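To start, the structure under review is shown below, and the notes come after it.
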Amino acid sequence: MFTNLLLILTASLAVIALFRRISLPPILGYLCVGLLCGPSAFGWISNYAEDQPYLSEMGVVFLLFSLGLEFSLPRMMAMRHLVFGLGSLQVLSSALVLAAVMYAFGIDLLLAAILGTGLALSSTAIVSKELFSLGEIFSPHGRNAIAVLLFQDLVAVLLLTLLPVAVGQSEDIWYIALPLTLGKTVLLFAVLMIISRWFLPKLFHEVASARSPELFVLLALVMVMLTAWMTHMLGLSMALGAFLAGMLLGESHYRHQIEADLRPFRDILLGLFFVSVGMLIDLRLFASDGLLIIGLTLLLLLLKGGLISLLVKLRGDSTETAWRTAFALAQGGEFFFALLSQLVLYKLLSADTVSILLTVTFCSMLLTPLLLRAAPQLAERLHATDKNHSPIEDISSAGASMHQHVLICGYGRVGQSIGRFLRLENIPFLALDDDPVRVQEAAAGEESAHYGDSQRPDLLQAMNIAEARLLVVAVDNANAAINIVSNARRLNPEIPILVRLRDDSRLAELQAAGATEVIPELLESSLMLAAHALVLLDLPQHQVEARLYEARSSRYQLLHGFYHGAQTTLKDNQGKPRTLLHAVSLTADAHACGKTLQIADLTALGLEVQGLRRDGEELNLHDSILQKGDAVLISGRADAIEAGEARLLAGN
């Protein structure tokens with residue numbers, strides 16, 4: 001087992017790093033690792049089938065627990081019409097249609113009904129993880145997908161429970177097995193609700209009071225595994241129990257900490273699950289039955305996706321939401337693999353049929369992350385086809401009637417805040433954003449927001465940039481901001497352009513592209529806090545304003561870098577090196593002692609000299625002779641700081 005795990009983790013490390021570099025979802029990487037390590041490819045893994053099921057199933061358990069934390073009981077009750085309404089209609093209609101297709105291929109009617117129901121269920125693991133990754137879990141199509149998946153999990157439990165009865169392999173009869181399963185589920189829910197309401201909050205409070213991260217992580221791990229074990233002992237799905245436990249803990253004060261602590265375990269174990277799925281596929285089938293597999297995969301996606309889209313549209317949702325829900329749920333699911341293994345155990349299917357069905361389901365799962373990422377563009381095209389016009393026509397019609405208006409590129413938190421102030425002053429504005437969910441939410445309460453990529457010159461023209469009074473760029477991406485500013489400046493050389501960024505790392509590039517003003521959000525918030533602090537310390541207002549002006553006119557040099565601590569990571573959320581602040585204390589034998597500070601040499605290393613201090617007092621940077629005990633404050637990336645310290649101390 002150890003050797004197998006080592007091989008899988010090593011291969012996953014290389015493949016996932018490659019997939020991230022080429023902007024492909026990690027799930028596809030794990031599936032490909034399983035495909036390559038499996039017996040039909042390189043055959044690196046031996047006897048993995050004996051060890052893998054427990055590890056991979058725990059991955060799904062952790063995922064469902066995390067999902068339960070996000071969907072608390074009140075929210076679940078509010079979604080009951082989606083779960084039991086849309087969910088039941090989707091499973092029933094998809095099962096009937098897919099069973100009819102199976103029957104047309106010559107499969108026995110009862111077996112076709114079982115297989116059709118199995119294929120009607122989607123991949124909880126893939127869909128949930130991708131919706132989380134894309135930040136679409138609370139979007140309209142995300143809520144639809146999660147609600148349907150919850151109902152599908154209930155159906156999966158019932159189907160696996162009733163399968164031995166249906167195929168004549170159990171002494172129980174269905175009208176006894178069904179209420180027994182439902183009774184177990186209700187009993188489990190009641191027990192977990194009692195524990196989560198009266199016992200767990202006190203336990204988590206005691207552990208949190210101890211301020212021991214290890215204890216908190218251990219308690220969270222025990223919670224997940226204990227609920228999964230309880231469900232397993234009742235003969236139900238472990239993932240269902242984990243979801244119920246997470247849902248009941250979703251209202252506690254500790255849910256964010258629990259989710260953060262368990263995320264590494266969830267992601268790694270879930271990766272093992274996807275590796276196991278990839279290992280089930282025989283690559284030789286693609287050579288012998290490639291066209292059949294492609295045809296059946298497309299048939300599954302089209303039939304299931306078309307039915308889901310129709311049902312969502314009939315419920316009154318928009319066409320875009322209907323299509324995006326269909327893209328999320330059109331694939332087969334991991335439950336179908338478990339169902340096929342049971343049918344093989346009962347000797348109801350031939351090995352060839354099982355291989356084809358496994359491969360078709362695998363291919364549909366493989367396409368799902370790509371469909372979800374391409375869903376905005378695909379749904380937009382399908383929606384445009386339905387309406388016989390493109391979104392650019394809506395933007396053009398709105399922009400044509402405006403004069404001396406404001407354009408907002410990026411309608412997130414900052415863009416919306418600016419829009420509210422403009423609305424208070426009765427200043428007309430148009431906003432453009434490439435998040436369809438955000439635009440859909442905004443469009444429900446106002447007519448100023450439109451969907452589109454702000455980097456496209458044709459959309460800027462459609463917003464009537466020639467007649468605009470101001471352009472505000474509030475996108476959270478420096479490269480996109482530079483492209484927008486460059487395109488806008490070509491279309492209207494006179495328009496003032498205000499750009500918001502997180503920091504000032506790309507300030508010079510934006511100014512070169514034509515930005516009138518660049519506001520680094522983090523640095524400006526630091527300036528505002530510092531200004532309020534000085535005012536509260538009774539410094540004159542004019543002196544405070546002078547300090548602010550000095551900091552801004554020097555391109556925020558005063559604020560560059562910060563002293564890092566033991567818990568500070570050297571990279572930001574985008575994986576870019578942070579700008580750090582470091583004080584180099586000169587020793588008696590330091591190379592720089594007895595000389596003036598060579599600022600140019602340090603600047604060439606990518607550093608900024610923030611100050612020179614001796615005995616707590618500031619010295620002149622250019623004239624002072626350095627001596628033992630002086631502290632030279634430099635800011636820059638970690639590697640540049642190391643090089644600068646070496647130059648000051650050793651002359652390297």
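By order in the structure tokens, chains are A, B, ...; within a chain, residues start at 1; ligands start at 1, following the order shown.
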
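Those residues in segment 257-483 of chain A carrying a DSSP assignment of strand (DSSP E or B), computed from the backbone, are Val406, Leu407, Ile408, Cys409, Phe429, Leu430, Ala431, Leu432, Asp433, Ala449, His450, Tyr451, Leu470, Leu471, Val472 and Val473 of chain A.
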
Written file, previous selection with N, CA and C atoms, as a short mmCIF file (atom, residue, chain, number, x, y, z; two decimals), in the first residue's frame:
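This is the output file result.cif:
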```
data_model
loop_
_atom_site.label_atom_id
_atom_site.label_comp_id
_atom_site.auth_asym_id
_atom_site.auth_seq_id
_atom_site.Cartn_x
_atom_site.Cartn_y
_atom_site.Cartn_z
N VAL A 406 -20.60 57.77 -16.99
CA VAL A 406 -19.41 57.12 -16.42
C VAL A 406 -19.44 55.64 -16.82
N LEU A 407 -18.29 55.12 -17.22
CA LEU A 407 -18.15 53.70 -17.53
C LEU A 407 -17.41 53.02 -16.40
N ILE A 408 -17.94 51.89 -15.94
CA ILE A 408 -17.31 51.11 -14.87
C ILE A 408 -16.98 49.73 -15.43
N CYS A 409 -15.70 49.43 -15.51
CA CYS A 409 -15.26 48.11 -15.99
C CYS A 409 -14.91 47.25 -14.77
N PHE A 429 -24.48 55.97 -15.44
CA PHE A 429 -23.30 55.13 -15.64
C PHE A 429 -23.70 53.80 -16.25
N LEU A 430 -22.73 53.17 -16.89
CA LEU A 430 -22.86 51.81 -17.43
C LEU A 430 -21.74 50.96 -16.85
N ALA A 431 -22.08 49.75 -16.42
CA ALA A 431 -21.09 48.84 -15.84
C ALA A 431 -20.99 47.57 -16.68
N LEU A 432 -19.77 47.06 -16.79
CA LEU A 432 -19.52 45.84 -17.56
C LEU A 432 -18.75 44.87 -16.68
N ASP A 433 -19.19 43.61 -16.64
CA ASP A 433 -18.53 42.60 -15.81
C ASP A 433 -18.61 41.25 -16.52
N ALA A 449 -25.94 47.31 -15.28
CA ALA A 449 -24.92 46.28 -15.39
C ALA A 449 -25.18 45.39 -16.59
N HIS A 450 -24.11 45.10 -17.33
CA HIS A 450 -24.20 44.23 -18.51
C HIS A 450 -23.06 43.23 -18.48
N TYR A 451 -23.29 42.09 -19.14
CA TYR A 451 -22.29 41.04 -19.19
C TYR A 451 -21.35 41.24 -20.38
N LEU A 470 -16.01 59.76 -17.81
CA LEU A 470 -14.99 59.14 -16.96
C LEU A 470 -15.03 57.63 -17.15
N LEU A 471 -13.86 56.99 -17.10
CA LEU A 471 -13.78 55.53 -17.12
C LEU A 471 -13.15 55.08 -15.81
N VAL A 472 -13.85 54.19 -15.12
CA VAL A 472 -13.34 53.61 -13.87
C VAL A 472 -13.03 52.14 -14.12
N VAL A 473 -11.78 51.75 -13.93
CA VAL A 473 -11.36 50.36 -14.11
C VAL A 473 -11.23 49.73 -12.73
#
```

Near-Thr3 of chain A list (9 Å; only C-alpha atoms; drop same-chain fewer than 4 positions) as a ChimeraX atom specification: /A:7-8,45

Segment 338-441 of chain A: residues DSSP assigns to helix (DSSP H, G or I), reported as a VMD selection string: chain A and resid 338 to 345 351 to 387 391 to 400 413 to 424 436 to 441

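Among the candidate residues A:Ala592, A:Leu300, A:Leu626, A:Leu96, the one lying nearest to Glu645 of chain A is A:Ala592, with distances computed using only C-alpha atoms.
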
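Atom CA of Gln152 of chain A is found 18.0 Å from atom CA of Ala245 of chain A.
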
Shortest interatomic distance to Gly68 of chain A - which of A:Val127, A:Ser12, A:Leu203, A:Ala242, counting only C-alpha atoms: A:Ala242

Contacts of Leu534 of chain A within 9 Å, only C-alpha atoms, excl. fewer than 6 positions in-chain, as a list of chain:residue names: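 Returned residues: A:Pro540, A:Gln541, A:Val544.
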
Could you take the residues named above and write them with N, CA, C and O atoms, as a short mmCIF file (atom, residue, chain, number, x, y, z; two decimals), in the first residue's frame?
```cif
data_model
loop_
_atom_site.label_atom_id
_atom_site.label_comp_id
_atom_site.auth_asym_id
_atom_site.auth_seq_id
_atom_site.Cartn_x
_atom_site.Cartn_y
_atom_site.Cartn_z
N PRO A 540 -2.21 68.73 13.50
CA PRO A 540 -2.99 69.65 12.65
C PRO A 540 -3.40 68.97 11.34
O PRO A 540 -2.65 68.17 10.77
N GLN A 541 -4.58 69.33 10.85
CA GLN A 541 -5.10 68.73 9.63
C GLN A 541 -4.18 68.98 8.45
O GLN A 541 -3.95 68.09 7.62
N VAL A 544 -1.26 66.58 8.50
CA VAL A 544 -1.66 65.23 8.10
C VAL A 544 -1.81 65.16 6.58
O VAL A 544 -1.34 64.22 5.93
#
```

For Ala100 of chain A: contacts at 8 Å, only C-alpha atoms, fewer than 3 positions along chain excluded, given as an NGL selection string: :A and (96-97 or 103-104 or 112-113 or 116)

Can you write just those residues out, N, CA, C and O atoms, as a compact mmCIF listing (two decimals), in the first residue's frame?
```txt
# COMPACT_ATOMS: atom_id res chain seq x y z
N LEU A 96 -36.15 7.35 -17.09
CA LEU A 96 -37.06 6.78 -18.08
C LEU A 96 -36.45 6.82 -19.48
O LEU A 96 -36.48 5.83 -20.22
N VAL A 97 -35.90 7.97 -19.84
CA VAL A 97 -35.33 8.11 -21.19
C VAL A 97 -34.11 7.22 -21.36
O VAL A 97 -33.97 6.51 -22.37
N TYR A 103 -32.88 -0.30 -23.23
CA TYR A 103 -33.77 -1.36 -23.71
C TYR A 103 -33.68 -1.48 -25.23
O TYR A 103 -33.72 -2.59 -25.78
N ALA A 104 -33.52 -0.33 -25.91
CA ALA A 104 -33.38 -0.36 -27.36
C ALA A 104 -32.09 -1.04 -27.80
O ALA A 104 -32.01 -1.60 -28.89
N ALA A 112 -32.33 -2.66 -17.61
CA ALA A 112 -32.29 -1.35 -18.27
C ALA A 112 -32.80 -0.26 -17.33
O ALA A 112 -32.25 0.85 -17.30
N ALA A 113 -33.84 -0.57 -16.56
CA ALA A 113 -34.38 0.41 -15.60
C ALA A 113 -33.35 0.73 -14.52
O ALA A 113 -33.18 1.90 -14.13
N GLY A 116 -30.52 2.74 -16.22
CA GLY A 116 -31.01 4.08 -16.54
C GLY A 116 -31.07 4.97 -15.32
O GLY A 116 -30.69 6.15 -15.37
```

Contacts of Ala14 of chain A within 12 Å, only C-alpha atoms, excl. fewer than 4 positions in-chain, as an NGL selection string: :A and (7-10 or 18-21 or 26 or 29-30 or 32-33)

Write the residues you've just listed into a file as a short mmCIF file (atom, residue, chain, number, x, y, z; two decimals), in the first residue's frame, and include N, CA, C and O atoms for each of them.
```
data_model
loop_
_atom_site.label_atom_id
_atom_site.label_comp_id
_atom_site.auth_asym_id
_atom_site.auth_seq_id
_atom_site.Cartn_x
_atom_site.Cartn_y
_atom_site.Cartn_z
N LEU A 7 3.78 6.19 -5.31
CA LEU A 7 3.76 6.36 -6.76
C LEU A 7 2.64 7.30 -7.19
O LEU A 7 2.83 8.18 -8.03
N ILE A 8 1.46 7.13 -6.59
CA ILE A 8 0.30 7.96 -6.97
C ILE A 8 0.55 9.42 -6.60
O ILE A 8 0.31 10.33 -7.41
N LEU A 9 1.03 9.65 -5.38
CA LEU A 9 1.25 11.03 -4.94
C LEU A 9 2.36 11.70 -5.76
O LEU A 9 2.27 12.89 -6.08
N THR A 10 3.42 10.94 -6.08
CA THR A 10 4.51 11.51 -6.88
C THR A 10 4.03 11.87 -8.28
O THR A 10 4.30 12.96 -8.81
N LEU A 18 1.77 20.46 -13.76
CA LEU A 18 1.69 20.72 -15.21
C LEU A 18 0.33 21.26 -15.60
O LEU A 18 0.21 22.23 -16.37
N PHE A 19 -0.74 20.65 -15.08
CA PHE A 19 -2.10 21.07 -15.43
C PHE A 19 -2.39 22.48 -14.94
O PHE A 19 -3.08 23.25 -15.62
N ARG A 20 -1.88 22.84 -13.78
CA ARG A 20 -2.09 24.21 -13.29
C ARG A 20 -1.35 25.22 -14.17
O ARG A 20 -1.84 26.32 -14.40
N ARG A 21 -0.18 24.83 -14.67
CA ARG A 21 0.58 25.74 -15.51
C ARG A 21 -0.14 26.00 -16.83
O ARG A 21 -0.05 27.09 -17.39
N PRO A 26 -7.54 20.61 -11.82
CA PRO A 26 -6.80 19.52 -11.17
C PRO A 26 -7.51 18.16 -11.28
O PRO A 26 -6.85 17.13 -11.32
N GLY A 29 -6.34 16.23 -14.02
CA GLY A 29 -5.00 15.71 -13.75
C GLY A 29 -5.05 14.41 -12.98
O GLY A 29 -4.35 13.44 -13.31
N TYR A 30 -5.88 14.37 -11.94
CA TYR A 30 -6.00 13.14 -11.14
C TYR A 30 -6.55 11.99 -11.99
O TYR A 30 -6.10 10.84 -11.87
N CYS A 32 -6.22 11.61 -15.17
CA CYS A 32 -5.15 11.17 -16.09
C CYS A 32 -4.08 10.37 -15.36
O CYS A 32 -3.51 9.44 -15.92
N VAL A 33 -3.79 10.73 -14.09
CA VAL A 33 -2.84 9.95 -13.30
C VAL A 33 -3.33 8.51 -13.16
O VAL A 33 -2.57 7.54 -13.34
#
```

Which residues come within 10 Å of Thr117 of chain A, counting only C-alpha atoms, excluding same-chain residues fewer than 3 positions away, as a PDB file with all heavy atoms, in the first residue's frame?
```pdb
ATOM      1  N   VAL A  91     -34.400  13.054 -11.875  1.00  0.00           N
ATOM      2  CA  VAL A  91     -34.068  11.632 -11.768  1.00  0.00           C
ATOM      3  C   VAL A  91     -35.099  10.787 -12.515  1.00  0.00           C
ATOM      4  O   VAL A  91     -34.746   9.868 -13.274  1.00  0.00           O
ATOM      5  CB  VAL A  91     -33.986  11.210 -10.285  1.00  0.00           C
ATOM      6  CG1 VAL A  91     -33.853   9.684 -10.178  1.00  0.00           C
ATOM      7  CG2 VAL A  91     -32.809  11.886  -9.604  1.00  0.00           C
ATOM      8  N   LEU A  92     -36.377  11.093 -12.342  1.00  0.00           N
ATOM      9  CA  LEU A  92     -37.432  10.300 -12.970  1.00  0.00           C
ATOM     10  C   LEU A  92     -37.384  10.398 -14.487  1.00  0.00           C
ATOM     11  O   LEU A  92     -37.392   9.376 -15.198  1.00  0.00           O
ATOM     12  CB  LEU A  92     -38.799  10.754 -12.452  1.00  0.00           C
ATOM     13  CG  LEU A  92     -40.019   9.978 -12.981  1.00  0.00           C
ATOM     14  CD1 LEU A  92     -39.923   8.509 -12.590  1.00  0.00           C
ATOM     15  CD2 LEU A  92     -41.312  10.598 -12.463  1.00  0.00           C
ATOM     16  N   SER A  93     -37.313  11.626 -15.011  1.00  0.00           N
ATOM     17  CA  SER A  93     -37.327  11.795 -16.470  1.00  0.00           C
ATOM     18  C   SER A  93     -36.067  11.232 -17.115  1.00  0.00           C
ATOM     19  O   SER A  93     -36.134  10.536 -18.135  1.00  0.00           O
ATOM     20  CB  SER A  93     -37.476  13.283 -16.822  1.00  0.00           C
ATOM     21  OG  SER A  93     -36.401  14.039 -16.285  1.00  0.00           O
ATOM     22  N   SER A  94     -34.902  11.504 -16.507  1.00  0.00           N
ATOM     23  CA  SER A  94     -33.653  10.990 -17.069  1.00  0.00           C
ATOM     24  C   SER A  94     -33.613   9.470 -17.007  1.00  0.00           C
ATOM     25  O   SER A  94     -33.156   8.809 -17.954  1.00  0.00           O
ATOM     26  CB  SER A  94     -32.448  11.577 -16.311  1.00  0.00           C
ATOM     27  OG  SER A  94     -32.393  12.973 -16.436  1.00  0.00           O
ATOM     28  N   ALA A  95     -34.103   8.894 -15.904  1.00  0.00           N
ATOM     29  CA  ALA A  95     -34.097   7.435 -15.767  1.00  0.00           C
ATOM     30  C   ALA A  95     -34.980   6.784 -16.823  1.00  0.00           C
ATOM     31  O   ALA A  95     -34.602   5.763 -17.424  1.00  0.00           O
ATOM     32  CB  ALA A  95     -34.556   7.045 -14.361  1.00  0.00           C
ATOM     33  N   LEU A  96     -36.148   7.355 -17.086  1.00  0.00           N
ATOM     34  CA  LEU A  96     -37.055   6.780 -18.080  1.00  0.00           C
ATOM     35  C   LEU A  96     -36.452   6.823 -19.481  1.00  0.00           C
ATOM     36  O   LEU A  96     -36.482   5.829 -20.222  1.00  0.00           O
ATOM     37  CB  LEU A  96     -38.393   7.529 -18.053  1.00  0.00           C
ATOM     38  CG  LEU A  96     -39.288   7.272 -16.838  1.00  0.00           C
ATOM     39  CD1 LEU A  96     -40.507   8.194 -16.873  1.00  0.00           C
ATOM     40  CD2 LEU A  96     -39.731   5.811 -16.788  1.00  0.00           C
ATOM     41  N   VAL A  97     -35.897   7.973 -19.843  1.00  0.00           N
ATOM     42  CA  VAL A  97     -35.334   8.115 -21.190  1.00  0.00           C
ATOM     43  C   VAL A  97     -34.109   7.218 -21.365  1.00  0.00           C
ATOM     44  O   VAL A  97     -33.968   6.506 -22.371  1.00  0.00           O
ATOM     45  CB  VAL A  97     -34.965   9.586 -21.463  1.00  0.00           C
ATOM     46  CG1 VAL A  97     -34.205   9.712 -22.771  1.00  0.00           C
ATOM     47  CG2 VAL A  97     -36.230  10.446 -21.497  1.00  0.00           C
ATOM     48  N   LEU A  98     -33.203   7.218 -20.399  1.00  0.00           N
ATOM     49  CA  LEU A  98     -31.988   6.407 -20.509  1.00  0.00           C
ATOM     50  C   LEU A  98     -32.293   4.916 -20.436  1.00  0.00           C
ATOM     51  O   LEU A  98     -31.628   4.106 -21.106  1.00  0.00           O
ATOM     52  CB  LEU A  98     -30.998   6.810 -19.411  1.00  0.00           C
ATOM     53  CG  LEU A  98     -30.424   8.228 -19.534  1.00  0.00           C
ATOM     54  CD1 LEU A  98     -29.628   8.612 -18.298  1.00  0.00           C
ATOM     55  CD2 LEU A  98     -29.541   8.343 -20.774  1.00  0.00           C
ATOM     56  N   ALA A  99     -33.307   4.548 -19.647  1.00  0.00           N
ATOM     57  CA  ALA A  99     -33.714   3.139 -19.603  1.00  0.00           C
ATOM     58  C   ALA A  99     -34.277   2.701 -20.955  1.00  0.00           C
ATOM     59  O   ALA A  99     -34.025   1.572 -21.411  1.00  0.00           O
ATOM     60  CB  ALA A  99     -34.750   2.934 -18.499  1.00  0.00           C
ATOM     61  N   LEU A 111     -33.138  -4.717 -15.936  1.00  0.00           N
ATOM     62  CA  LEU A 111     -31.745  -4.280 -15.890  1.00  0.00           C
ATOM     63  C   LEU A 111     -31.586  -2.904 -16.539  1.00  0.00           C
ATOM     64  O   LEU A 111     -30.826  -2.061 -16.065  1.00  0.00           O
ATOM     65  CB  LEU A 111     -30.866  -5.307 -16.597  1.00  0.00           C
ATOM     66  CG  LEU A 111     -29.367  -5.265 -16.303  1.00  0.00           C
ATOM     67  CD1 LEU A 111     -29.110  -5.336 -14.807  1.00  0.00           C
ATOM     68  CD2 LEU A 111     -28.661  -6.397 -17.020  1.00  0.00           C
ATOM     69  N   ALA A 112     -32.328  -2.659 -17.614  1.00  0.00           N
ATOM     70  CA  ALA A 112     -32.288  -1.351 -18.269  1.00  0.00           C
ATOM     71  C   ALA A 112     -32.796  -0.262 -17.335  1.00  0.00           C
ATOM     72  O   ALA A 112     -32.253   0.853 -17.303  1.00  0.00           O
ATOM     73  CB  ALA A 112     -33.111  -1.386 -19.556  1.00  0.00           C
ATOM     74  N   ALA A 113     -33.839  -0.566 -16.558  1.00  0.00           N
ATOM     75  CA  ALA A 113     -34.376   0.411 -15.605  1.00  0.00           C
ATOM     76  C   ALA A 113     -33.347   0.733 -14.524  1.00  0.00           C
ATOM     77  O   ALA A 113     -33.177   1.900 -14.131  1.00  0.00           O
ATOM     78  CB  ALA A 113     -35.659  -0.122 -14.983  1.00  0.00           C
ATOM     79  N   ILE A 114     -32.642  -0.296 -14.048  1.00  0.00           N
ATOM     80  CA  ILE A 114     -31.624  -0.078 -13.014  1.00  0.00           C
ATOM     81  C   ILE A 114     -30.470   0.754 -13.570  1.00  0.00           C
ATOM     82  O   ILE A 114     -30.016   1.724 -12.950  1.00  0.00           O
ATOM     83  CB  ILE A 114     -31.108  -1.431 -12.482  1.00  0.00           C
ATOM     84  CG1 ILE A 114     -32.238  -2.165 -11.740  1.00  0.00           C
ATOM     85  CG2 ILE A 114     -29.915  -1.228 -11.564  1.00  0.00           C
ATOM     86  CD1 ILE A 114     -31.887  -3.582 -11.343  1.00  0.00           C
ATOM     87  N   ALA A 120     -28.805   8.293 -14.509  1.00  0.00           N
ATOM     88  CA  ALA A 120     -29.516   9.553 -14.246  1.00  0.00           C
ATOM     89  C   ALA A 120     -28.843  10.348 -13.141  1.00  0.00           C
ATOM     90  O   ALA A 120     -29.045  11.560 -13.020  1.00  0.00           O
ATOM     91  CB  ALA A 120     -30.968   9.271 -13.876  1.00  0.00           C
ATOM     92  N   LEU A 121     -28.022   9.678 -12.315  1.00  0.00           N
ATOM     93  CA  LEU A 121     -27.328  10.345 -11.214  1.00  0.00           C
ATOM     94  C   LEU A 121     -26.006  10.918 -11.711  1.00  0.00           C
ATOM     95  O   LEU A 121     -25.331  10.322 -12.537  1.00  0.00           O
ATOM     96  CB  LEU A 121     -27.093   9.360 -10.070  1.00  0.00           C
ATOM     97  CG  LEU A 121     -28.321   8.566  -9.606  1.00  0.00           C
ATOM     98  CD1 LEU A 121     -27.981   7.724  -8.394  1.00  0.00           C
ATOM     99  CD2 LEU A 121     -29.492   9.489  -9.301  1.00  0.00           C
ATOM    100  N   GLN A 152     -30.210  13.198  -5.546  1.00  0.00           N
ATOM    101  CA  GLN A 152     -29.586  12.044  -6.178  1.00  0.00           C
ATOM    102  C   GLN A 152     -28.856  11.175  -5.151  1.00  0.00           C
ATOM    103  O   GLN A 152     -28.853   9.939  -5.267  1.00  0.00           O
ATOM    104  CB  GLN A 152     -28.613  12.501  -7.261  1.00  0.00           C
ATOM    105  CG  GLN A 152     -29.290  13.066  -8.500  1.00  0.00           C
ATOM    106  CD  GLN A 152     -28.275  13.501  -9.549  1.00  0.00           C
ATOM    107  OE1 GLN A 152     -27.066  13.418  -9.340  1.00  0.00           O
ATOM    108  NE2 GLN A 152     -28.771  13.961 -10.685  1.00  0.00           N
ATOM    109  N   VAL A 155     -31.378   9.019  -3.582  1.00  0.00           N
ATOM    110  CA  VAL A 155     -31.777   7.964  -4.518  1.00  0.00           C
ATOM    111  C   VAL A 155     -30.692   6.895  -4.600  1.00  0.00           C
ATOM    112  O   VAL A 155     -30.990   5.688  -4.674  1.00  0.00           O
ATOM    113  CB  VAL A 155     -32.060   8.558  -5.914  1.00  0.00           C
ATOM    114  CG1 VAL A 155     -32.284   7.457  -6.938  1.00  0.00           C
ATOM    115  CG2 VAL A 155     -33.263   9.484  -5.863  1.00  0.00           C
ATOM    116  N   ALA A 156     -29.431   7.316  -4.572  1.00  0.00           N
ATOM    117  CA  ALA A 156     -28.328   6.352  -4.646  1.00  0.00           C
ATOM    118  C   ALA A 156     -28.355   5.399  -3.466  1.00  0.00           C
ATOM    119  O   ALA A 156     -28.166   4.179  -3.623  1.00  0.00           O
ATOM    120  CB  ALA A 156     -26.995   7.106  -4.682  1.00  0.00           C
ATOM    121  N   LEU A 159     -31.291   3.056  -3.967  1.00  0.00           N
ATOM    122  CA  LEU A 159     -31.085   2.114  -5.065  1.00  0.00           C
ATOM    123  C   LEU A 159     -30.126   0.998  -4.665  1.00  0.00           C
ATOM    124  O   LEU A 159     -30.373  -0.181  -4.965  1.00  0.00           O
ATOM    125  CB  LEU A 159     -30.547   2.865  -6.286  1.00  0.00           C
ATOM    126  CG  LEU A 159     -30.466   2.064  -7.592  1.00  0.00           C
ATOM    127  CD1 LEU A 159     -31.819   1.480  -7.961  1.00  0.00           C
ATOM    128  CD2 LEU A 159     -29.960   2.942  -8.726  1.00  0.00           C
ATOM    129  N   PHE A 336     -22.405   5.296 -10.291  1.00  0.00           N
ATOM    130  CA  PHE A 336     -22.639   4.311 -11.344  1.00  0.00           C
ATOM    131  C   PHE A 336     -21.556   3.236 -11.348  1.00  0.00           C
ATOM    132  O   PHE A 336     -21.823   2.073 -11.678  1.00  0.00           O
ATOM    133  CB  PHE A 336     -22.689   5.014 -12.700  1.00  0.00           C
ATOM    134  CG  PHE A 336     -23.199   4.138 -13.814  1.00  0.00           C
ATOM    135  CD1 PHE A 336     -24.489   3.644 -13.799  1.00  0.00           C
ATOM    136  CD2 PHE A 336     -22.382   3.802 -14.878  1.00  0.00           C
ATOM    137  CE1 PHE A 336     -24.966   2.840 -14.823  1.00  0.00           C
ATOM    138  CE2 PHE A 336     -22.836   2.999 -15.908  1.00  0.00           C
ATOM    139  CZ  PHE A 336     -24.140   2.514 -15.873  1.00  0.00           C
TER     140      PHE A 336
END
```

Give me the segment 274-323 of chain A side of the contact with segment 128-144 of chain A, cut-off 9 Å, one line per residue showing its nearest atom pair and distance in Å at one decimal, counting only C-alpha atoms, sorted by chain and residue number, as CSV.
```
residue,atom,partner,partner_atom,distance
A:Val312,CA,A:Asn144,CA,8.2
A:Asp317,CA,A:Pro140,CA,8.4
A:Glu320,CA,A:His141,CA,8.7
A:Thr321,CA,A:His141,CA,5.3
A:Ala322,CA,A:His141,CA,7.2
A:Trp323,CA,A:His141,CA,8.5
```

May I have the selected residues written with N, CA, C and O atoms, as a PDB file, in the first residue's frame?
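Here's the written file result.pdb:
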```pdb
ATOM      1  N   VAL A 312     -35.418  22.859 -15.970  1.00  0.00           N
ATOM      2  CA  VAL A 312     -35.068  24.115 -15.290  1.00  0.00           C
ATOM      3  C   VAL A 312     -35.773  25.292 -15.955  1.00  0.00           C
ATOM      4  O   VAL A 312     -36.269  26.199 -15.275  1.00  0.00           O
ATOM      5  N   ASP A 317     -36.748  29.534 -14.602  1.00  0.00           N
ATOM      6  CA  ASP A 317     -35.408  30.117 -14.600  1.00  0.00           C
ATOM      7  C   ASP A 317     -35.058  30.619 -15.994  1.00  0.00           C
ATOM      8  O   ASP A 317     -35.688  30.258 -16.990  1.00  0.00           O
ATOM      9  N   GLU A 320     -30.109  30.989 -19.693  1.00  0.00           N
ATOM     10  CA  GLU A 320     -28.702  30.801 -19.338  1.00  0.00           C
ATOM     11  C   GLU A 320     -28.552  29.893 -18.122  1.00  0.00           C
ATOM     12  O   GLU A 320     -27.715  28.989 -18.099  1.00  0.00           O
ATOM     13  N   THR A 321     -29.384  30.118 -17.095  1.00  0.00           N
ATOM     14  CA  THR A 321     -29.337  29.261 -15.910  1.00  0.00           C
ATOM     15  C   THR A 321     -29.681  27.826 -16.266  1.00  0.00           C
ATOM     16  O   THR A 321     -29.074  26.876 -15.747  1.00  0.00           O
ATOM     17  N   ALA A 322     -30.653  27.649 -17.148  1.00  0.00           N
ATOM     18  CA  ALA A 322     -31.051  26.296 -17.559  1.00  0.00           C
ATOM     19  C   ALA A 322     -29.894  25.565 -18.230  1.00  0.00           C
ATOM     20  O   ALA A 322     -29.608  24.398 -17.913  1.00  0.00           O
ATOM     21  N   TRP A 323     -29.217  26.244 -19.158  1.00  0.00           N
ATOM     22  CA  TRP A 323     -28.112  25.591 -19.853  1.00  0.00           C
ATOM     23  C   TRP A 323     -26.945  25.317 -18.919  1.00  0.00           C
ATOM     24  O   TRP A 323     -26.312  24.260 -18.984  1.00  0.00           O
TER      25      TRP A 323
END
```
